[in-house]
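Colleague: You'll find run_34.txt just under this line, and it carries compact mmCIF, N, CA, C and O atoms.
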```txt
# COMPACT_ATOMS: atom_id res chain seq x y z
N MET E 1 -5.96 -0.72 -13.50
CA MET E 1 -6.04 0.24 -12.42
C MET E 1 -5.97 1.64 -13.03
O MET E 1 -5.15 1.91 -13.89
N GLU E 2 -6.85 2.51 -12.55
CA GLU E 2 -6.86 3.88 -13.04
C GLU E 2 -5.57 4.59 -12.67
O GLU E 2 -5.00 4.35 -11.60
N LYS E 3 -5.15 5.47 -13.55
CA LYS E 3 -3.89 6.18 -13.37
C LYS E 3 -3.85 6.97 -12.06
O LYS E 3 -2.84 6.95 -11.36
N LYS E 4 -4.96 7.63 -11.71
CA LYS E 4 -4.94 8.44 -10.48
C LYS E 4 -4.75 7.57 -9.24
O LYS E 4 -4.09 7.98 -8.29
N TYR E 5 -5.31 6.37 -9.24
CA TYR E 5 -5.14 5.47 -8.10
C TYR E 5 -3.73 4.89 -8.07
O TYR E 5 -3.14 4.73 -7.00
N LEU E 6 -3.19 4.58 -9.25
CA LEU E 6 -1.83 4.09 -9.33
C LEU E 6 -0.86 5.15 -8.80
O LEU E 6 0.03 4.85 -8.01
N GLU E 7 -1.06 6.40 -9.21
CA GLU E 7 -0.18 7.48 -8.77
C GLU E 7 -0.31 7.72 -7.26
O GLU E 7 0.69 7.92 -6.57
N ALA E 8 -1.53 7.69 -6.74
CA ALA E 8 -1.75 7.90 -5.30
C ALA E 8 -1.12 6.76 -4.50
O ALA E 8 -0.49 6.99 -3.46
N THR E 9 -1.28 5.54 -4.98
CA THR E 9 -0.69 4.39 -4.29
C THR E 9 0.84 4.46 -4.35
O THR E 9 1.51 4.25 -3.34
N GLY E 10 1.37 4.80 -5.51
CA GLY E 10 2.82 4.93 -5.65
C GLY E 10 3.37 6.02 -4.76
O GLY E 10 4.42 5.85 -4.11
N SER E 11 2.66 7.14 -4.68
CA SER E 11 3.10 8.24 -3.83
C SER E 11 3.11 7.82 -2.36
O SER E 11 4.07 8.10 -1.63
N TRP E 12 2.06 7.14 -1.92
CA TRP E 12 1.99 6.69 -0.53
C TRP E 12 3.12 5.72 -0.23
O TRP E 12 3.77 5.80 0.82
N LEU E 13 3.39 4.80 -1.15
CA LEU E 13 4.44 3.82 -0.94
C LEU E 13 5.83 4.45 -0.97
O LEU E 13 6.71 4.01 -0.24
N GLN E 14 6.01 5.49 -1.76
CA GLN E 14 7.29 6.19 -1.73
C GLN E 14 7.52 6.82 -0.36
O GLN E 14 8.61 6.75 0.18
N GLU E 15 6.49 7.42 0.19
CA GLU E 15 6.60 8.08 1.49
C GLU E 15 6.71 7.09 2.65
O GLU E 15 7.43 7.34 3.61
N ASN E 16 6.00 5.99 2.57
CA ASN E 16 5.90 5.09 3.72
C ASN E 16 6.70 3.80 3.62
O ASN E 16 6.94 3.14 4.63
N ALA E 17 7.07 3.41 2.41
CA ALA E 17 7.83 2.16 2.25
C ALA E 17 9.25 2.42 1.78
O ALA E 17 10.05 1.50 1.69
N GLY E 18 9.55 3.67 1.46
CA GLY E 18 10.91 4.02 1.08
C GLY E 18 11.34 3.57 -0.30
O GLY E 18 12.52 3.39 -0.55
N ILE E 19 10.38 3.39 -1.20
CA ILE E 19 10.75 2.99 -2.56
C ILE E 19 10.99 4.23 -3.41
O ILE E 19 10.48 5.31 -3.11
N GLN E 20 11.76 4.07 -4.46
CA GLN E 20 12.04 5.15 -5.41
C GLN E 20 11.37 4.80 -6.73
O GLN E 20 11.53 3.68 -7.24
N LEU E 21 10.62 5.76 -7.27
CA LEU E 21 9.94 5.55 -8.54
C LEU E 21 10.23 6.72 -9.47
O LEU E 21 10.38 7.86 -9.01
N PRO E 22 10.27 6.47 -10.77
CA PRO E 22 10.39 7.59 -11.71
C PRO E 22 9.09 8.39 -11.72
O PRO E 22 8.07 7.95 -11.19
N SER E 23 9.10 9.55 -12.34
CA SER E 23 7.90 10.39 -12.35
C SER E 23 6.74 9.71 -13.08
O SER E 23 5.59 9.87 -12.73
N ALA E 24 7.05 8.93 -14.11
CA ALA E 24 6.03 8.14 -14.80
C ALA E 24 6.37 6.67 -14.58
O ALA E 24 7.48 6.23 -14.87
N PHE E 25 5.41 5.93 -14.04
CA PHE E 25 5.66 4.51 -13.75
C PHE E 25 4.40 3.71 -14.03
O PHE E 25 3.29 4.23 -14.01
N SER E 26 4.60 2.43 -14.26
CA SER E 26 3.49 1.50 -14.50
C SER E 26 3.24 0.68 -13.25
O SER E 26 4.04 0.71 -12.30
N LEU E 27 2.18 -0.09 -13.28
CA LEU E 27 1.89 -1.01 -12.18
C LEU E 27 3.03 -2.00 -12.00
O LEU E 27 3.42 -2.31 -10.87
N GLU E 28 3.59 -2.47 -13.10
CA GLU E 28 4.69 -3.42 -13.03
C GLU E 28 5.93 -2.78 -12.41
O GLU E 28 6.65 -3.42 -11.63
N ASP E 29 6.19 -1.50 -12.74
CA ASP E 29 7.31 -0.78 -12.13
C ASP E 29 7.12 -0.67 -10.62
O ASP E 29 8.06 -0.89 -9.85
N LEU E 30 5.91 -0.32 -10.23
CA LEU E 30 5.60 -0.20 -8.80
C LEU E 30 5.76 -1.53 -8.09
O LEU E 30 6.37 -1.62 -7.03
N GLU E 31 5.24 -2.57 -8.70
CA GLU E 31 5.33 -3.90 -8.11
C GLU E 31 6.78 -4.36 -7.98
O GLU E 31 7.19 -4.89 -6.95
N ARG E 32 7.57 -4.11 -9.01
CA ARG E 32 8.98 -4.51 -9.00
C ARG E 32 9.76 -3.76 -7.91
O ARG E 32 10.52 -4.36 -7.15
N ALA E 33 9.55 -2.43 -7.82
CA ALA E 33 10.25 -1.63 -6.82
C ALA E 33 9.85 -2.03 -5.41
O ALA E 33 10.70 -2.15 -4.51
N LEU E 34 8.56 -2.27 -5.20
CA LEU E 34 8.10 -2.65 -3.87
C LEU E 34 8.59 -4.06 -3.51
O LEU E 34 8.98 -4.30 -2.36
N ALA E 35 8.62 -4.96 -4.47
CA ALA E 35 9.11 -6.32 -4.21
C ALA E 35 10.58 -6.28 -3.77
O ALA E 35 10.97 -6.98 -2.83
N ALA E 36 11.37 -5.45 -4.41
CA ALA E 36 12.78 -5.32 -4.03
C ALA E 36 12.91 -4.75 -2.62
O ALA E 36 13.74 -5.20 -1.82
N GLN E 37 12.07 -3.77 -2.29
CA GLN E 37 12.10 -3.18 -0.95
C GLN E 37 11.65 -4.20 0.10
O GLN E 37 12.23 -4.28 1.18
N ILE E 38 10.65 -4.97 -0.21
CA ILE E 38 10.16 -6.00 0.71
C ILE E 38 11.26 -7.03 0.97
O ILE E 38 11.50 -7.41 2.12
N GLU E 39 11.93 -7.45 -0.08
CA GLU E 39 13.02 -8.42 0.09
C GLU E 39 14.10 -7.86 1.01
O GLU E 39 14.58 -8.55 1.91
N MET E 40 14.46 -6.59 0.80
CA MET E 40 15.48 -5.96 1.64
C MET E 40 15.00 -5.88 3.09
O MET E 40 15.74 -6.18 4.02
N LEU E 41 13.73 -5.51 3.30
CA LEU E 41 13.21 -5.41 4.66
C LEU E 41 13.17 -6.77 5.36
O LEU E 41 13.51 -6.88 6.53
N VAL E 42 12.76 -7.79 4.65
CA VAL E 42 12.69 -9.13 5.24
C VAL E 42 14.09 -9.59 5.67
O VAL E 42 14.25 -10.17 6.75
N GLU E 43 15.08 -9.28 4.86
CA GLU E 43 16.45 -9.72 5.16
C GLU E 43 17.12 -8.87 6.23
O GLU E 43 17.90 -9.38 7.02
N ARG E 44 16.83 -7.54 6.26
CA ARG E 44 17.59 -6.64 7.13
C ARG E 44 16.81 -6.00 8.27
O ARG E 44 17.40 -5.62 9.27
N ASP E 45 15.52 -5.82 8.09
CA ASP E 45 14.73 -5.11 9.11
C ASP E 45 13.31 -5.66 9.12
O ASP E 45 12.37 -5.00 8.66
N PHE E 46 13.18 -6.87 9.64
CA PHE E 46 11.89 -7.55 9.60
C PHE E 46 10.79 -6.77 10.31
O PHE E 46 9.64 -6.78 9.89
N GLN E 47 11.14 -6.05 11.37
CA GLN E 47 10.14 -5.25 12.09
C GLN E 47 9.53 -4.18 11.18
O GLN E 47 8.33 -3.91 11.25
N GLN E 48 10.34 -3.58 10.32
CA GLN E 48 9.83 -2.57 9.38
C GLN E 48 8.89 -3.21 8.37
O GLN E 48 7.89 -2.62 7.97
N PHE E 49 9.20 -4.43 7.96
CA PHE E 49 8.33 -5.17 7.05
C PHE E 49 6.97 -5.41 7.70
O PHE E 49 5.93 -5.15 7.10
N VAL E 50 6.98 -5.87 8.93
CA VAL E 50 5.73 -6.12 9.66
C VAL E 50 4.97 -4.82 9.86
O VAL E 50 3.74 -4.77 9.71
N LEU E 51 5.68 -3.73 10.16
CA LEU E 51 5.04 -2.43 10.33
C LEU E 51 4.36 -1.99 9.03
O LEU E 51 3.24 -1.47 9.06
N LEU E 52 5.02 -2.20 7.91
CA LEU E 52 4.41 -1.85 6.62
C LEU E 52 3.13 -2.63 6.40
O LEU E 52 2.10 -2.07 6.00
N LEU E 53 3.15 -3.93 6.68
CA LEU E 53 1.94 -4.74 6.53
C LEU E 53 0.83 -4.23 7.44
O LEU E 53 -0.34 -4.19 7.05
N TYR E 54 1.20 -3.82 8.64
CA TYR E 54 0.23 -3.28 9.60
C TYR E 54 -0.34 -1.95 9.10
O TYR E 54 -1.55 -1.73 9.15
N GLN E 55 0.53 -1.07 8.60
CA GLN E 55 0.07 0.24 8.12
C GLN E 55 -0.91 0.09 6.96
O GLN E 55 -1.88 0.83 6.86
N VAL E 56 -0.63 -0.83 6.08
CA VAL E 56 -1.48 -1.02 4.92
C VAL E 56 -2.72 -1.84 5.27
O VAL E 56 -3.72 -1.79 4.58
N ASP E 57 -2.66 -2.54 6.39
CA ASP E 57 -3.76 -3.38 6.86
C ASP E 57 -3.98 -4.58 5.94
O ASP E 57 -5.09 -4.86 5.51
N VAL E 58 -2.89 -5.25 5.65
CA VAL E 58 -2.94 -6.44 4.81
C VAL E 58 -3.38 -7.62 5.67
O VAL E 58 -2.97 -7.75 6.81
N SER E 59 -4.19 -8.47 5.10
CA SER E 59 -4.67 -9.65 5.80
C SER E 59 -3.51 -10.59 6.14
O SER E 59 -2.76 -11.02 5.26
N GLU E 60 -3.37 -10.89 7.41
CA GLU E 60 -2.31 -11.80 7.86
C GLU E 60 -2.48 -13.17 7.21
O GLU E 60 -1.51 -13.82 6.83
N ARG E 61 -3.70 -13.59 7.06
CA ARG E 61 -4.00 -14.90 6.47
C ARG E 61 -3.50 -14.94 5.02
O ARG E 61 -2.90 -15.91 4.57
N LYS E 62 -3.71 -13.86 4.25
CA LYS E 62 -3.27 -13.83 2.86
C LYS E 62 -1.75 -13.87 2.76
O LYS E 62 -1.20 -14.54 1.89
N VAL E 63 -1.07 -13.17 3.64
CA VAL E 63 0.39 -13.19 3.65
C VAL E 63 0.88 -14.59 3.97
O VAL E 63 1.79 -15.11 3.31
N LYS E 64 0.30 -15.22 4.97
CA LYS E 64 0.70 -16.59 5.34
C LYS E 64 0.46 -17.56 4.19
O LYS E 64 1.29 -18.44 3.94
N ASP E 65 -0.65 -17.40 3.49
CA ASP E 65 -0.94 -18.27 2.34
C ASP E 65 0.12 -18.10 1.25
O ASP E 65 0.58 -19.09 0.67
N ILE E 66 0.51 -16.86 0.98
CA ILE E 66 1.54 -16.61 -0.02
C ILE E 66 2.87 -17.23 0.42
O ILE E 66 3.54 -17.90 -0.36
N LEU E 67 3.23 -17.01 1.68
CA LEU E 67 4.50 -17.54 2.19
C LEU E 67 4.53 -19.07 2.14
O LEU E 67 5.58 -19.67 1.90
N ALA E 68 3.39 -19.68 2.36
CA ALA E 68 3.33 -21.14 2.39
C ALA E 68 3.30 -21.76 0.99
O ALA E 68 3.73 -22.90 0.81
N SER E 69 2.83 -21.01 0.00
CA SER E 69 2.60 -21.63 -1.30
C SER E 69 3.57 -21.21 -2.39
O SER E 69 3.55 -21.79 -3.47
N GLN E 70 4.42 -20.21 -2.14
CA GLN E 70 5.28 -19.72 -3.21
C GLN E 70 6.75 -19.74 -2.80
O GLN E 70 7.08 -19.82 -1.62
N ASN E 71 7.60 -19.64 -3.78
CA ASN E 71 9.05 -19.65 -3.57
C ASN E 71 9.65 -18.31 -3.97
O ASN E 71 9.00 -17.49 -4.63
N TYR E 72 10.91 -18.14 -3.59
CA TYR E 72 11.67 -16.97 -3.98
C TYR E 72 11.82 -16.98 -5.49
O TYR E 72 12.01 -18.04 -6.07
N PRO E 73 11.75 -15.89 -6.20
CA PRO E 73 11.45 -14.52 -5.81
C PRO E 73 9.97 -14.16 -5.97
O PRO E 73 9.57 -13.05 -5.67
N GLU E 74 9.16 -15.12 -6.42
CA GLU E 74 7.74 -14.84 -6.65
C GLU E 74 7.03 -14.38 -5.39
O GLU E 74 6.08 -13.60 -5.45
N VAL E 75 7.47 -14.87 -4.24
CA VAL E 75 6.82 -14.53 -2.98
C VAL E 75 6.85 -13.01 -2.75
O VAL E 75 5.85 -12.43 -2.32
N TYR E 76 7.95 -12.36 -3.07
CA TYR E 76 8.04 -10.91 -2.85
C TYR E 76 7.14 -10.14 -3.81
O TYR E 76 6.52 -9.16 -3.42
N ARG E 77 7.06 -10.60 -5.04
CA ARG E 77 6.16 -9.94 -6.02
C ARG E 77 4.71 -10.11 -5.59
O ARG E 77 3.91 -9.19 -5.70
N SER E 78 4.36 -11.29 -5.09
CA SER E 78 2.98 -11.53 -4.66
C SER E 78 2.61 -10.68 -3.44
O SER E 78 1.51 -10.14 -3.37
N ILE E 79 3.52 -10.56 -2.49
CA ILE E 79 3.26 -9.72 -1.32
C ILE E 79 3.19 -8.26 -1.74
O ILE E 79 2.33 -7.51 -1.26
N ALA E 80 4.07 -7.86 -2.67
CA ALA E 80 4.02 -6.49 -3.17
C ALA E 80 2.66 -6.21 -3.81
O ALA E 80 2.04 -5.16 -3.57
N ARG E 81 2.19 -7.13 -4.61
CA ARG E 81 0.88 -6.94 -5.27
C ARG E 81 -0.24 -6.88 -4.23
O ARG E 81 -1.18 -6.08 -4.37
N LEU E 82 -0.16 -7.68 -3.21
CA LEU E 82 -1.14 -7.67 -2.13
C LEU E 82 -1.17 -6.30 -1.45
O LEU E 82 -2.24 -5.73 -1.19
N ILE E 83 0.00 -5.74 -1.17
CA ILE E 83 0.10 -4.42 -0.54
C ILE E 83 -0.45 -3.34 -1.47
O ILE E 83 -1.21 -2.47 -1.03
N ILE E 84 -0.07 -3.39 -2.74
CA ILE E 84 -0.55 -2.40 -3.71
C ILE E 84 -2.06 -2.45 -3.82
O ILE E 84 -2.74 -1.42 -3.77
N ASP E 85 -2.61 -3.64 -3.94
CA ASP E 85 -4.07 -3.79 -4.05
C ASP E 85 -4.79 -3.27 -2.82
O ASP E 85 -5.80 -2.58 -2.92
N ARG E 86 -4.27 -3.58 -1.64
CA ARG E 86 -4.92 -3.14 -0.40
C ARG E 86 -4.84 -1.63 -0.24
O ARG E 86 -5.82 -0.98 0.13
N GLN E 87 -3.69 -1.04 -0.54
CA GLN E 87 -3.56 0.41 -0.42
C GLN E 87 -4.47 1.10 -1.42
O GLN E 87 -5.09 2.12 -1.10
N THR E 88 -4.58 0.57 -2.61
CA THR E 88 -5.48 1.13 -3.62
C THR E 88 -6.93 1.04 -3.15
O THR E 88 -7.70 2.00 -3.31
N GLU E 89 -7.31 -0.08 -2.56
CA GLU E 89 -8.67 -0.24 -2.01
C GLU E 89 -8.96 0.85 -0.98
O GLU E 89 -10.05 1.42 -0.96
N LYS E 90 -7.99 1.12 -0.12
CA LYS E 90 -8.18 2.15 0.92
C LYS E 90 -8.34 3.53 0.30
O LYS E 90 -9.19 4.31 0.75
N ILE E 91 -7.56 3.83 -0.72
CA ILE E 91 -7.67 5.13 -1.39
C ILE E 91 -9.04 5.28 -2.05
O ILE E 91 -9.70 6.32 -1.91
N ILE E 92 -9.49 4.26 -2.73
CA ILE E 92 -10.79 4.29 -3.39
C ILE E 92 -11.91 4.43 -2.35
O ILE E 92 -12.84 5.21 -2.52
N SER E 93 -11.80 3.70 -1.27
CA SER E 93 -12.81 3.76 -0.21
C SER E 93 -12.90 5.16 0.39
O SER E 93 -14.00 5.70 0.59
N ARG E 94 -11.76 5.77 0.68
CA ARG E 94 -11.77 7.12 1.23
C ARG E 94 -12.39 8.10 0.26
O ARG E 94 -13.14 9.00 0.66
N GLU E 95 -12.08 7.95 -1.01
CA GLU E 95 -12.65 8.85 -2.01
C GLU E 95 -14.16 8.66 -2.12
O GLU E 95 -14.91 9.62 -2.23
N THR E 96 -14.59 7.42 -2.08
CA THR E 96 -16.01 7.11 -2.22
C THR E 96 -16.84 7.63 -1.05
O THR E 96 -17.93 8.15 -1.24
N TYR E 97 -16.32 7.50 0.15
CA TYR E 97 -17.10 7.83 1.34
C TYR E 97 -16.78 9.18 1.95
O TYR E 97 -17.32 9.53 2.99
N ARG E 98 -15.91 9.95 1.31
CA ARG E 98 -15.57 11.28 1.82
C ARG E 98 -16.80 12.18 1.67
O ARG E 98 -17.44 12.21 0.63
N GLN E 99 -17.12 12.86 2.75
CA GLN E 99 -18.26 13.76 2.73
C GLN E 99 -17.74 15.19 2.65
O GLN E 99 -16.84 15.57 3.38
N PRO E 100 -18.33 15.98 1.78
CA PRO E 100 -17.91 17.38 1.69
C PRO E 100 -18.28 18.11 2.98
O PRO E 100 -19.28 17.77 3.63
N PRO E 101 -17.49 19.11 3.37
CA PRO E 101 -17.81 19.85 4.58
C PRO E 101 -19.14 20.60 4.42
O PRO E 101 -19.47 21.07 3.34
N ASP E 102 -19.87 20.68 5.51
CA ASP E 102 -21.15 21.39 5.52
C ASP E 102 -20.87 22.89 5.61
O ASP E 102 -20.34 23.36 6.61
N PRO E 103 -21.23 23.65 4.57
CA PRO E 103 -20.94 25.09 4.61
C PRO E 103 -21.75 25.83 5.67
O PRO E 103 -21.38 26.92 6.09
N GLN E 104 -22.82 25.23 6.16
CA GLN E 104 -23.66 25.86 7.16
C GLN E 104 -23.16 25.61 8.59
O GLN E 104 -23.62 26.25 9.53
N ALA E 105 -22.23 24.68 8.75
CA ALA E 105 -21.76 24.33 10.08
C ALA E 105 -20.88 25.44 10.65
O ALA E 105 -20.10 26.06 9.95
N SER E 106 -21.05 25.67 11.96
CA SER E 106 -20.22 26.67 12.63
C SER E 106 -18.84 26.06 12.85
O SER E 106 -18.63 24.86 12.73
N GLU E 107 -17.88 26.90 13.22
CA GLU E 107 -16.53 26.42 13.49
C GLU E 107 -16.53 25.37 14.61
O GLU E 107 -15.80 24.39 14.56
N GLU E 108 -17.37 25.55 15.59
CA GLU E 108 -17.44 24.62 16.71
C GLU E 108 -17.97 23.26 16.25
O GLU E 108 -17.50 22.21 16.68
N GLU E 109 -18.96 23.25 15.36
CA GLU E 109 -19.54 22.00 14.88
C GLU E 109 -18.59 21.25 13.96
O GLU E 109 -18.69 20.04 13.84
N LYS E 110 -17.68 21.95 13.29
CA LYS E 110 -16.76 21.29 12.37
C LYS E 110 -15.81 20.35 13.11
O LYS E 110 -15.28 19.43 12.54
N TRP E 111 -15.58 20.59 14.38
CA TRP E 111 -14.72 19.71 15.16
C TRP E 111 -15.50 18.53 15.61
O TRP E 111 -15.12 17.50 15.86
```
Represent the structure contained in this file as structure tokens.
Modeller:
Amino acid sequence: MEKKYLEATGSWLQENAGIQLPSAFSLEDLERALAAQIEMLVERDFQQFVLLLYQVDVSERKVKDILASQNYPEVYRSIARLIIDRQTEKIISRETYRQPPDPQASEEEKW
């Protein structure tokens, strides 16, 4: 994973999932921190866990497959990786399809 996407994903997850990361982190660091947060959410605030899955737009089918096929603690790492991958996909997609503003457009047309 490219560093800029890793940093953008980590930043989003810090803001929206409540994880703490050092200023320099690896994919494994991100996965480990998110897995710990997911475990805490599942045990203490399941609604927040579901909300996070909804915000990231993770496939319900993929989560169910992981839950059905894996055991503790691997299940949390797998879900964390699923969330990281999906959030990274969204960041890449937005970057790819972002259109620059039309300099000829009037203020009214920009809305």
Colleague: To one decimal in Å, tell me the separation between atom O of Leu13 (chain E) and atom C of Pro100 (chain E).
Modeller: 28.9 Å
Colleague: Calculate how many Å separate CA of Asp29 (chain E) from CA of Lys90 (chain E), rounding to one decimal.
Modeller: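 Going from CA of Asp29 (chain E) over to CA of Lys90 (chain E), I get 20.5 Å.
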Colleague: As JSON, please: the centre and edge lengths in Å, to one decimal, of an axis-aligned box enclosing every listed atom of region 28-47 of chain E with 3 Å added on each side.
Modeller:
```
{"center_x": 10.7, "center_y": -5.2, "center_z": -0.5, "size_x": 20.3, "size_y": 16.0, "size_z": 31.2}
```
Colleague: May I have all residues of region 3-53 of chain E that DSSP, computed from the backbone, assigns to helix (DSSP H, G or I), given as a ChimeraX atom specification?
Modeller: /E:3-17,27-44,46-53
Colleague: Given the choices E:Leu21, E:Val75, E:Ile83, E:Leu6, which gets closest to Gln55 (chain E) if the distance is worked out from only C-alpha atoms?
Modeller: E:Ile83
Colleague: Between CA of Glu39 (chain E) and CA of Ser23 (chain E), what distance in Å does the model show, to one decimal?
Modeller: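 Taking CA of Glu39 (chain E) and CA of Ser23 (chain E), their separation equals 23.1 Å.
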Colleague: Can you tell me which residues surround Glu89 (chain E) at a distance of at most 12 Å, considering only C-alpha atoms, apart from same-chain residues fewer than 6 positions away, and format the answer as JSON, numbers by chain?
Modeller: {"E": [1, 2, 5, 6, 8, 9, 56, 57, 58, 82, 83, 95, 96]}
Colleague: Selection from above, N, CA, C and O atoms, as a PDB file, in the frame of the given file, can you write it?
Modeller:
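See selection-v6.pdb below for the written result:
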```pdb
ATOM      1  N   MET E   1      -5.960  -0.720 -13.500  1.00  0.00           N
ATOM      2  CA  MET E   1      -6.040   0.240 -12.420  1.00  0.00           C
ATOM      3  C   MET E   1      -5.970   1.640 -13.030  1.00  0.00           C
ATOM      4  O   MET E   1      -5.150   1.910 -13.890  1.00  0.00           O
ATOM      5  N   GLU E   2      -6.850   2.510 -12.550  1.00  0.00           N
ATOM      6  CA  GLU E   2      -6.860   3.880 -13.040  1.00  0.00           C
ATOM      7  C   GLU E   2      -5.570   4.590 -12.670  1.00  0.00           C
ATOM      8  O   GLU E   2      -5.000   4.350 -11.600  1.00  0.00           O
ATOM      9  N   TYR E   5      -5.310   6.370  -9.240  1.00  0.00           N
ATOM     10  CA  TYR E   5      -5.140   5.470  -8.100  1.00  0.00           C
ATOM     11  C   TYR E   5      -3.730   4.890  -8.070  1.00  0.00           C
ATOM     12  O   TYR E   5      -3.140   4.730  -7.000  1.00  0.00           O
ATOM     13  N   LEU E   6      -3.190   4.580  -9.250  1.00  0.00           N
ATOM     14  CA  LEU E   6      -1.830   4.090  -9.330  1.00  0.00           C
ATOM     15  C   LEU E   6      -0.860   5.150  -8.800  1.00  0.00           C
ATOM     16  O   LEU E   6       0.030   4.850  -8.010  1.00  0.00           O
ATOM     17  N   ALA E   8      -1.530   7.690  -6.740  1.00  0.00           N
ATOM     18  CA  ALA E   8      -1.750   7.900  -5.300  1.00  0.00           C
ATOM     19  C   ALA E   8      -1.120   6.760  -4.500  1.00  0.00           C
ATOM     20  O   ALA E   8      -0.490   6.990  -3.460  1.00  0.00           O
ATOM     21  N   THR E   9      -1.280   5.540  -4.980  1.00  0.00           N
ATOM     22  CA  THR E   9      -0.690   4.390  -4.290  1.00  0.00           C
ATOM     23  C   THR E   9       0.840   4.460  -4.350  1.00  0.00           C
ATOM     24  O   THR E   9       1.510   4.250  -3.340  1.00  0.00           O
ATOM     25  N   VAL E  56      -0.630  -0.830   6.080  1.00  0.00           N
ATOM     26  CA  VAL E  56      -1.480  -1.020   4.920  1.00  0.00           C
ATOM     27  C   VAL E  56      -2.720  -1.840   5.270  1.00  0.00           C
ATOM     28  O   VAL E  56      -3.720  -1.790   4.580  1.00  0.00           O
ATOM     29  N   ASP E  57      -2.660  -2.540   6.390  1.00  0.00           N
ATOM     30  CA  ASP E  57      -3.760  -3.380   6.860  1.00  0.00           C
ATOM     31  C   ASP E  57      -3.980  -4.580   5.940  1.00  0.00           C
ATOM     32  O   ASP E  57      -5.090  -4.860   5.510  1.00  0.00           O
ATOM     33  N   VAL E  58      -2.890  -5.250   5.650  1.00  0.00           N
ATOM     34  CA  VAL E  58      -2.940  -6.440   4.810  1.00  0.00           C
ATOM     35  C   VAL E  58      -3.380  -7.620   5.670  1.00  0.00           C
ATOM     36  O   VAL E  58      -2.970  -7.750   6.810  1.00  0.00           O
ATOM     37  N   LEU E  82      -0.160  -7.680  -3.210  1.00  0.00           N
ATOM     38  CA  LEU E  82      -1.140  -7.670  -2.130  1.00  0.00           C
ATOM     39  C   LEU E  82      -1.170  -6.300  -1.450  1.00  0.00           C
ATOM     40  O   LEU E  82      -2.240  -5.730  -1.190  1.00  0.00           O
ATOM     41  N   ILE E  83       0.000  -5.740  -1.170  1.00  0.00           N
ATOM     42  CA  ILE E  83       0.100  -4.420  -0.540  1.00  0.00           C
ATOM     43  C   ILE E  83      -0.450  -3.340  -1.470  1.00  0.00           C
ATOM     44  O   ILE E  83      -1.210  -2.470  -1.030  1.00  0.00           O
ATOM     45  N   GLU E  95     -12.080   7.950  -1.010  1.00  0.00           N
ATOM     46  CA  GLU E  95     -12.650   8.850  -2.010  1.00  0.00           C
ATOM     47  C   GLU E  95     -14.160   8.660  -2.120  1.00  0.00           C
ATOM     48  O   GLU E  95     -14.910   9.620  -2.230  1.00  0.00           O
ATOM     49  N   THR E  96     -14.590   7.420  -2.080  1.00  0.00           N
ATOM     50  CA  THR E  96     -16.010   7.110  -2.220  1.00  0.00           C
ATOM     51  C   THR E  96     -16.840   7.630  -1.050  1.00  0.00           C
ATOM     52  O   THR E  96     -17.930   8.150  -1.240  1.00  0.00           O
TER      53      THR E  96
END
```
Colleague: Excluding Ile38 (chain E) and its own-chain neighbours fewer than 6 positions away, which residues fall within 12 Å of it when counting only C-alpha atoms? Please give them as a list in words.
Modeller: Leu13, Ala17, Gly18, Ile19, Glu31, Arg32, Arg44, Asp45, Phe46, Gln47, Gln48, Phe49, Val50, Leu51, Leu52, Leu53, Pro73, Glu74, Val75, Tyr76, Arg77, Ser78, Ile79, Ala80, Arg81, Leu82 and Ile83 of chain E
Colleague: Smallest atom-to-atom distance to Phe25 (chain E): which of E:Gln37, E:Lys3, E:Thr88, E:Gln70, using only N, CA, C and O atoms?
Modeller: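 Going through E:Gln37, E:Lys3, E:Thr88, E:Gln70 one by one, the smallest distance to Phe25 (chain E) is for E:Lys3.
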Colleague: Could you extract region 2-11 of chain E of the given structure into a file holding N, CA and C atoms, as a PDB file, in the first residue's frame?
Modeller:
```pdb
ATOM      1  N   GLU E   2       0.545   2.191  -0.842  1.00  0.00           N
ATOM      2  CA  GLU E   2       1.308   3.430  -0.912  1.00  0.00           C
ATOM      3  C   GLU E   2       1.211   4.189   0.407  1.00  0.00           C
ATOM      4  N   LYS E   3       2.296   4.859   0.732  1.00  0.00           N
ATOM      5  CA  LYS E   3       2.377   5.577   2.005  1.00  0.00           C
ATOM      6  C   LYS E   3       1.275   6.628   2.147  1.00  0.00           C
ATOM      7  N   LYS E   4       0.974   7.360   1.062  1.00  0.00           N
ATOM      8  CA  LYS E   4      -0.043   8.414   1.174  1.00  0.00           C
ATOM      9  C   LYS E   4      -1.422   7.833   1.480  1.00  0.00           C
ATOM     10  N   TYR E   5      -1.724   6.658   0.933  1.00  0.00           N
ATOM     11  CA  TYR E   5      -3.007   6.024   1.203  1.00  0.00           C
ATOM     12  C   TYR E   5      -3.045   5.452   2.621  1.00  0.00           C
ATOM     13  N   LEU E   6      -1.921   4.896   3.060  1.00  0.00           N
ATOM     14  CA  LEU E   6      -1.826   4.382   4.416  1.00  0.00           C
ATOM     15  C   LEU E   6      -2.033   5.527   5.413  1.00  0.00           C
ATOM     16  N   GLU E   7      -1.386   6.658   5.171  1.00  0.00           N
ATOM     17  CA  GLU E   7      -1.515   7.807   6.069  1.00  0.00           C
ATOM     18  C   GLU E   7      -2.943   8.360   6.066  1.00  0.00           C
ATOM     19  N   ALA E   8      -3.555   8.452   4.892  1.00  0.00           N
ATOM     20  CA  ALA E   8      -4.928   8.962   4.796  1.00  0.00           C
ATOM     21  C   ALA E   8      -5.904   8.018   5.502  1.00  0.00           C
ATOM     22  N   THR E   9      -5.711   6.728   5.320  1.00  0.00           N
ATOM     23  CA  THR E   9      -6.572   5.742   5.978  1.00  0.00           C
ATOM     24  C   THR E   9      -6.375   5.791   7.489  1.00  0.00           C
ATOM     25  N   GLY E  10      -5.129   5.865   7.921  1.00  0.00           N
ATOM     26  CA  GLY E  10      -4.836   5.957   9.346  1.00  0.00           C
ATOM     27  C   GLY E  10      -5.428   7.208   9.968  1.00  0.00           C
ATOM     28  N   SER E  11      -5.324   8.319   9.255  1.00  0.00           N
ATOM     29  CA  SER E  11      -5.879   9.579   9.749  1.00  0.00           C
ATOM     30  C   SER E  11      -7.400   9.476   9.892  1.00  0.00           C
TER      31      SER E  11
END
```
